[in-house]
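Colleague: What follows is work-v2.pdb; its format and atoms are PDB, C-alpha atoms.
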```
MODEL        1
ATOM      1  CA  MET A   8      22.294  15.942  41.080
ATOM      2  CA  ASP A   9      24.338  14.889  38.075
ATOM      3  CA  SER A  10      22.550  11.552  37.818
ATOM      4  CA  LYS A  11      19.154  13.304  37.746
ATOM      5  CA  ASP A  12      20.404  15.770  35.148
ATOM      6  CA  SER A  13      21.810  12.985  33.009
ATOM      7  CA  LYS A  14      18.538  11.016  33.244
ATOM      8  CA  LEU A  15      16.628  14.123  32.188
ATOM      9  CA  ASP A  16      18.983  14.693  29.285
ATOM     10  CA  ASN A  17      18.585  11.050  28.187
ATOM     11  CA  LEU A  18      14.779  11.291  28.356
ATOM     12  CA  ILE A  19      14.810  14.501  26.323
ATOM     13  CA  ALA A  20      17.122  12.962  23.745
ATOM     14  CA  ASN A  21      14.824   9.930  23.350
ATOM     15  CA  LEU A  22      11.704  12.015  22.722
ATOM     16  CA  PRO A  23      10.327  11.891  19.178
ATOM     17  CA  LYS A  24      11.109  14.968  17.093
ATOM     18  CA  GLU A  25       7.507  15.397  15.915
ATOM     19  CA  LEU A  26       4.100  14.242  17.102
ATOM     20  CA  THR A  27       1.491  12.764  14.805
ATOM     21  CA  PRO A  28      -2.187  12.403  15.710
ATOM     22  CA  ASN A  29      -3.785   8.969  15.927
ATOM     23  CA  ASN A  30      -6.157   9.695  13.021
ATOM     24  CA  ASP A  31      -6.101  12.114  10.103
ATOM     25  CA  LEU A  32      -7.489  15.542  11.112
ATOM     26  CA  TRP A  33      -7.361  17.236   7.714
ATOM     27  CA  ASP A  34     -10.879  16.129   6.739
ATOM     28  CA  LYS A  35     -12.376  17.914   9.749
ATOM     29  CA  ILE A  36     -10.198  20.994   9.217
ATOM     30  CA  ASP A  37     -11.159  21.107   5.526
ATOM     31  CA  MET A  38     -14.874  20.958   6.403
ATOM     32  CA  ARG A  39     -14.491  23.904   8.749
ATOM     33  CA  LEU A  40     -12.609  25.960   6.199
ATOM     34  CA  ASP A  41     -15.341  25.383   3.612
ATOM     35  CA  ALA A  42     -18.168  26.065   6.079
ATOM     36  CA  PRO A  43     -20.613  28.697   4.816
ATOM     37  CA  ILE A  44     -20.446  32.171   6.364
ATOM     38  CA  ASN A  45     -24.061  31.922   7.545
ATOM     39  CA  HIS A  46     -23.141  29.067   9.839
ATOM     40  CA  ALA A  47     -20.464  31.216  11.530
ATOM     41  CA  THR A  48     -22.842  34.183  11.885
ATOM     42  CA  GLN A  49     -25.520  31.918  13.325
ATOM     43  CA  LEU A  50     -23.103  30.844  16.014
ATOM     44  CA  SER A  51     -22.066  34.416  16.793
ATOM     45  CA  GLY A  52     -25.721  35.508  16.659
ATOM     46  CA  HIS A  53     -26.529  32.785  19.162
ATOM     47  CA  HIS A  54     -23.864  34.157  21.480
ATOM     48  CA  LEU A  55     -25.103  37.697  20.894
ATOM     49  CA  TRP A  56     -28.656  36.823  21.896
ATOM     50  CA  ARG A  57     -27.390  34.998  24.948
ATOM     51  CA  ASN A  58     -25.387  38.064  26.017
ATOM     52  CA  VAL A  59     -28.362  40.357  25.407
ATOM     53  CA  ALA A  60     -30.593  38.058  27.455
ATOM     54  CA  ILE A  61     -28.124  38.043  30.351
ATOM     55  CA  ALA A  62     -27.808  41.840  30.257
ATOM     56  CA  SER A  63     -31.600  42.194  30.193
ATOM     57  CA  LEU A  64     -31.983  39.907  33.187
ATOM     58  CA  LEU A  65     -29.418  41.942  35.090
ATOM     59  CA  LEU A  66     -31.230  45.194  34.302
ATOM     60  CA  ILE A  67     -34.583  43.744  35.336
ATOM     61  CA  THR A  68     -33.038  42.522  38.579
ATOM     62  CA  VAL A  69     -31.649  45.990  39.304
ATOM     63  CA  PHE A  70     -34.992  47.692  38.625
ATOM     64  CA  ILE A  71     -36.896  45.216  40.775
ATOM     65  CA  GLY A  72     -34.294  45.579  43.501
ATOM     66  CA  GLN A  73     -34.679  49.363  43.473
ATOM     67  CA  LYS A  74     -38.432  49.079  43.670
ATOM     68  CA  PHE A  75     -38.568  46.724  46.637
ATOM     69  CA  VAL A  76     -35.479  47.727  48.559
ATOM     70  CA  ASN A  77     -35.455  51.269  49.917
ATOM     71  CA  PRO A  78     -32.163  52.962  49.184
ATOM     72  CA  LEU A  79     -30.277  54.340  52.116
ATOM     73  CA  LEU A  80     -31.697  57.804  52.504
ATOM     74  CA  PRO A  81     -30.024  60.395  54.702
ATOM     75  CA  PHE A  82     -31.857  61.263  57.856
ATOM     76  CA  PRO A  83     -33.984  64.419  57.631
ATOM     77  CA  GLU A  84     -32.364  65.677  60.834
ATOM     78  CA  ALA A  85     -28.948  65.493  59.174
ATOM     79  CA  ASP A  86     -30.286  67.372  56.148
ATOM     80  CA  SER A  87     -31.752  70.141  58.295
ATOM     81  CA  ALA A  88     -28.461  70.435  60.204
ATOM     82  CA  LEU A  89     -26.567  70.696  56.920
ATOM     83  CA  ILE A  90     -29.000  73.306  55.625
ATOM     84  CA  ASP A  91     -28.554  75.302  58.853
ATOM     85  CA  THR A  92     -24.778  75.101  58.445
ATOM     86  CA  LEU A  93     -25.182  76.169  54.828
ATOM     87  CA  ALA A  94     -27.167  79.235  55.896
ATOM     88  CA  GLN A  95     -24.606  80.130  58.573
ATOM     89  CA  ILE A  96     -21.724  79.929  56.099
ATOM     90  CA  LYS A  97     -23.678  82.065  53.648
ATOM     91  CA  THR A  98     -24.326  84.682  56.333
ATOM     92  CA  GLN A  99     -20.648  84.777  57.337
ATOM     93  CA  HIS A 100     -19.652  85.142  53.704
ATOM     94  CA  GLU A 101     -22.090  88.034  53.228
ATOM     95  CA  ILE A 102     -20.597  89.764  56.288
ATOM     96  CA  GLN A 103     -17.080  89.368  54.861
ATOM     97  CA  ILE A 104     -18.222  90.748  51.494
ATOM     98  CA  THR A 105     -19.892  93.734  53.173
ATOM     99  CA  GLN A 106     -16.706  94.513  55.103
ATOM    100  CA  LEU A 107     -14.588  94.262  51.952
ATOM    101  CA  GLU A 108     -16.992  96.467  49.991
ATOM    102  CA  GLN A 109     -16.933  99.106  52.736
ATOM    103  CA  ALA A 110     -13.132  99.112  52.580
ATOM    104  CA  SER A 111     -13.273  99.365  48.788
ATOM    105  CA  GLU A 112     -15.390 102.528  49.001
ATOM    106  CA  LEU A 113     -12.399 104.193  50.609
ATOM    107  CA  VAL A 114     -10.101 103.081  47.770
ATOM    108  CA  ASN A 115     -12.592 103.534  44.875
ATOM    109  CA  TRP A 116     -11.003 100.818  42.776
ATOM    110  CA  GLN A 117     -13.915 101.019  40.347
ATOM    111  CA  SER A 118     -12.233 104.024  38.733
ATOM    112  CA  SER A 119      -9.390 101.784  37.582
ATOM    113  CA  PRO A 120      -9.272 100.893  33.873
ATOM    114  CA  TYR A 121      -8.939  97.240  34.941
ATOM    115  CA  SER A 122     -12.021  97.201  37.137
ATOM    116  CA  SER A 123     -14.467  96.024  34.468
ATOM    117  CA  PRO A 124     -13.118  92.441  34.182
ATOM    118  CA  VAL A 125     -12.937  92.184  37.971
ATOM    119  CA  GLU A 126     -16.521  93.394  38.378
ATOM    120  CA  THR A 127     -17.692  90.984  35.661
ATOM    121  CA  GLY A 128     -15.897  88.102  37.353
ATOM    122  CA  ILE A 129     -17.426  88.975  40.714
ATOM    123  CA  ALA A 130     -20.915  89.162  39.210
ATOM    124  CA  GLN A 131     -20.463  85.777  37.507
ATOM    125  CA  LEU A 132     -19.172  84.190  40.697
ATOM    126  CA  ARG A 133     -22.102  85.579  42.686
ATOM    127  CA  GLU A 134     -24.592  84.181  40.172
ATOM    128  CA  ALA A 135     -22.860  80.796  40.161
ATOM    129  CA  ALA A 136     -22.744  80.736  43.973
ATOM    130  CA  LYS A 137     -26.459  81.556  44.098
ATOM    131  CA  GLN A 138     -27.322  78.662  41.762
ATOM    132  CA  ILE A 139     -25.049  76.262  43.641
ATOM    133  CA  TYR A 140     -26.609  77.380  46.945
ATOM    134  CA  GLU A 141     -30.089  76.552  45.635
ATOM    135  CA  SER A 142     -28.862  73.137  44.506
ATOM    136  CA  LEU A 143     -27.261  72.557  47.882
ATOM    137  CA  LYS A 144     -30.515  73.338  49.659
ATOM    138  CA  ARG A 145     -32.151  70.561  47.618
ATOM    139  CA  ASN A 146     -29.244  68.126  48.078
ATOM    140  CA  PRO A 147     -27.174  69.134  51.118
ATOM    141  CA  THR A 148     -25.169  65.885  51.177
ATOM    142  CA  ASP A 149     -23.463  66.438  47.814
ATOM    143  CA  LYS A 150     -19.808  66.865  48.735
ATOM    144  CA  GLN A 151     -18.746  68.171  45.327
ATOM    145  CA  LEU A 152     -21.411  70.882  45.393
ATOM    146  CA  TRP A 153     -20.152  71.952  48.820
ATOM    147  CA  GLN A 154     -16.597  72.179  47.527
ATOM    148  CA  LEU A 155     -17.681  74.134  44.459
ATOM    149  CA  TRP A 156     -19.806  76.534  46.499
ATOM    150  CA  LEU A 157     -17.007  77.198  49.000
ATOM    151  CA  TRP A 158     -14.575  77.689  46.111
ATOM    152  CA  THR A 159     -16.830  80.309  44.477
ATOM    153  CA  GLN A 160     -17.108  82.172  47.778
ATOM    154  CA  HIS A 161     -13.359  82.064  48.292
ATOM    155  CA  ARG A 162     -12.708  83.211  44.731
ATOM    156  CA  GLU A 163     -15.172  86.119  45.117
ATOM    157  CA  ILE A 164     -13.282  87.342  48.185
ATOM    158  CA  GLU A 165      -9.976  86.992  46.314
ATOM    159  CA  LEU A 166     -11.306  89.071  43.409
ATOM    160  CA  LEU A 167     -12.548  91.770  45.757
ATOM    161  CA  ARG A 168      -9.129  91.947  47.403
ATOM    162  CA  GLN A 169      -7.400  92.031  44.013
ATOM    163  CA  GLY A 170      -9.753  94.806  42.928
ATOM    164  CA  GLN A 171      -8.695  96.871  45.912
ATOM    165  CA  LYS A 172      -5.074  96.583  44.771
ATOM    166  CA  LEU A 173      -5.783  97.820  41.249
ATOM    167  CA  PRO A 174      -4.169 101.108  40.216
ATOM    168  CA  VAL A 175      -6.628 103.964  40.552
ATOM    169  CA  LEU A 176      -6.915 106.718  37.963
ATOM    170  CA  GLN A 177      -6.310 110.047  39.568
ATOM    171  CA  ASN A 178      -8.511 112.975  38.711
ATOM    172  CA  SER A 179      -6.854 114.495  35.652
ATOM    173  CA  GLN A 180      -8.597 117.878  35.844
ATOM    174  CA  GLY A 181      -6.212 120.833  36.071
ATOM    175  CA  THR A 182      -3.164 119.087  34.700
ATOM    176  CA  THR A 183      -1.224 120.718  31.935
ATOM    177  CA  ILE A 184       0.187 119.086  28.883
TER     178      ILE A 184
ENDMDL
END
```
Kindly transcribe the structure held in the file into structure tokens.
Modeller:
Amino acid sequence: MDSKDSKLDNLIANLPKELTPNNDLWDKIDMRLDAPINHATQLSGHHLWRNVAIASLLLITVFIGQKFVNPLLPFPEADSALIDTLAQIKTQHEIQITQLEQASELVNWQSSPYSSPVETGIAQLREAAKQIYESLKRNPTDKQLWQLWLWTQHREIELLRQGQKLPVLQNSQGTTI
């Protein structure tokens, strides 16, 4: 190993300290430094047009591909099954809401001073759920819409349960001060 290391050290020591080119390069460098700005912009403009042409060809290829190749469409049977499931979930949710509202009639949480924000929230959630449901009927394979719709239903039930736990104002008639 030492002989290889010593050979390497000798070779490194014998290397020239600086390299000089075979011919003088300053003339070419000087010409480039003094080149007009238009020449540089023409080169970059050439590259710009080439990039635009490539992007245009790619877009044309995509549009032609979409026209001639049918995208993978979900089967209508799968859509109808999803729409049936959607309707079943909606019916179950309506049954749960009806049961909660019947229980709330016994508590009368609407007489609470805090009931207004809860009622507003429930109304907004119901409107949002209705709009999401209509969108889901048009596109039943959208996973994010499903998640959003189920979240709104879950949140509506939570608000109804929270409303039932609100403090109720007692009838203040007949009390003395």
Colleague: As number ranges by chain, please: the residues near Glu141 in chain A (cut-off 12 Å, only C-alpha atoms, same-chain neighbours under 4 positions excluded).
Modeller: A: 90, 93-94, 97, 134-137, 145-147, 152-153, 156
Colleague: By how many Å are CA of Gln160 in chain A and CA of His100 in chain A apart?
Modeller: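 Result for CA of Gln160 in chain A versus CA of His100 in chain A: 7.1 Å, one decimal.
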Colleague: Emit as AutoDock Vina command-line options the padded axis-aligned box for all listed atoms of range 23-27 of chain A, 8 Å per side, with centre and edge lengths in Å to one decimal.
Modeller:
```
--center_x 6.3 --center_y 13.6 --center_z 17.0 --size_x 25.6 --size_y 19.5 --size_z 20.4
```
Colleague: Would you compute the distance between CA of Gly72 in chain A and CA of Asn58 in chain A? Give it in Å to one decimal.
Modeller: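 These two atoms are separated by 21.0 Å.
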Colleague: Restricting the calculation to all atoms listed in the file: of A:Lys144, A:Gln169, A:Ser10, A:Ala20, which residue gets closest to Leu89 in chain A?
Modeller: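 Selected residue with least distance to Leu89 in chain A: A:Lys144.
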Colleague: Please compute the CA of Leu132 in chain A-CA of Glu163 in chain A distance, one decimal, in Å.
Modeller: 6.3 Å
Colleague: Check the smallest atom-to-atom distance from each of A:Ile104, A:Ala60, A:Ile139, A:Ile19 to Leu166 in chain A using all atoms listed in the file, then report the winner.
Modeller: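 Closest to Leu166 in chain A of all the choices is A:Ile104.
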Colleague: So, with only C-alpha atoms as the atoms that count, which of A:Gly128, A:Lys172, A:Gln103, A:Asp86 lies closest to Asp149 in chain A?
Modeller: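 Ranked by minimum distance to Asp149 in chain A, first place goes to A:Asp86.
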Colleague: Hey, which of A:Thr159, A:Gln154, A:Asn17, A:Thr148 ends up closest to Ala88 in chain A? Count all atoms listed in the file.
Modeller: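 So, comparing all the options, the nearest one is A:Thr148.
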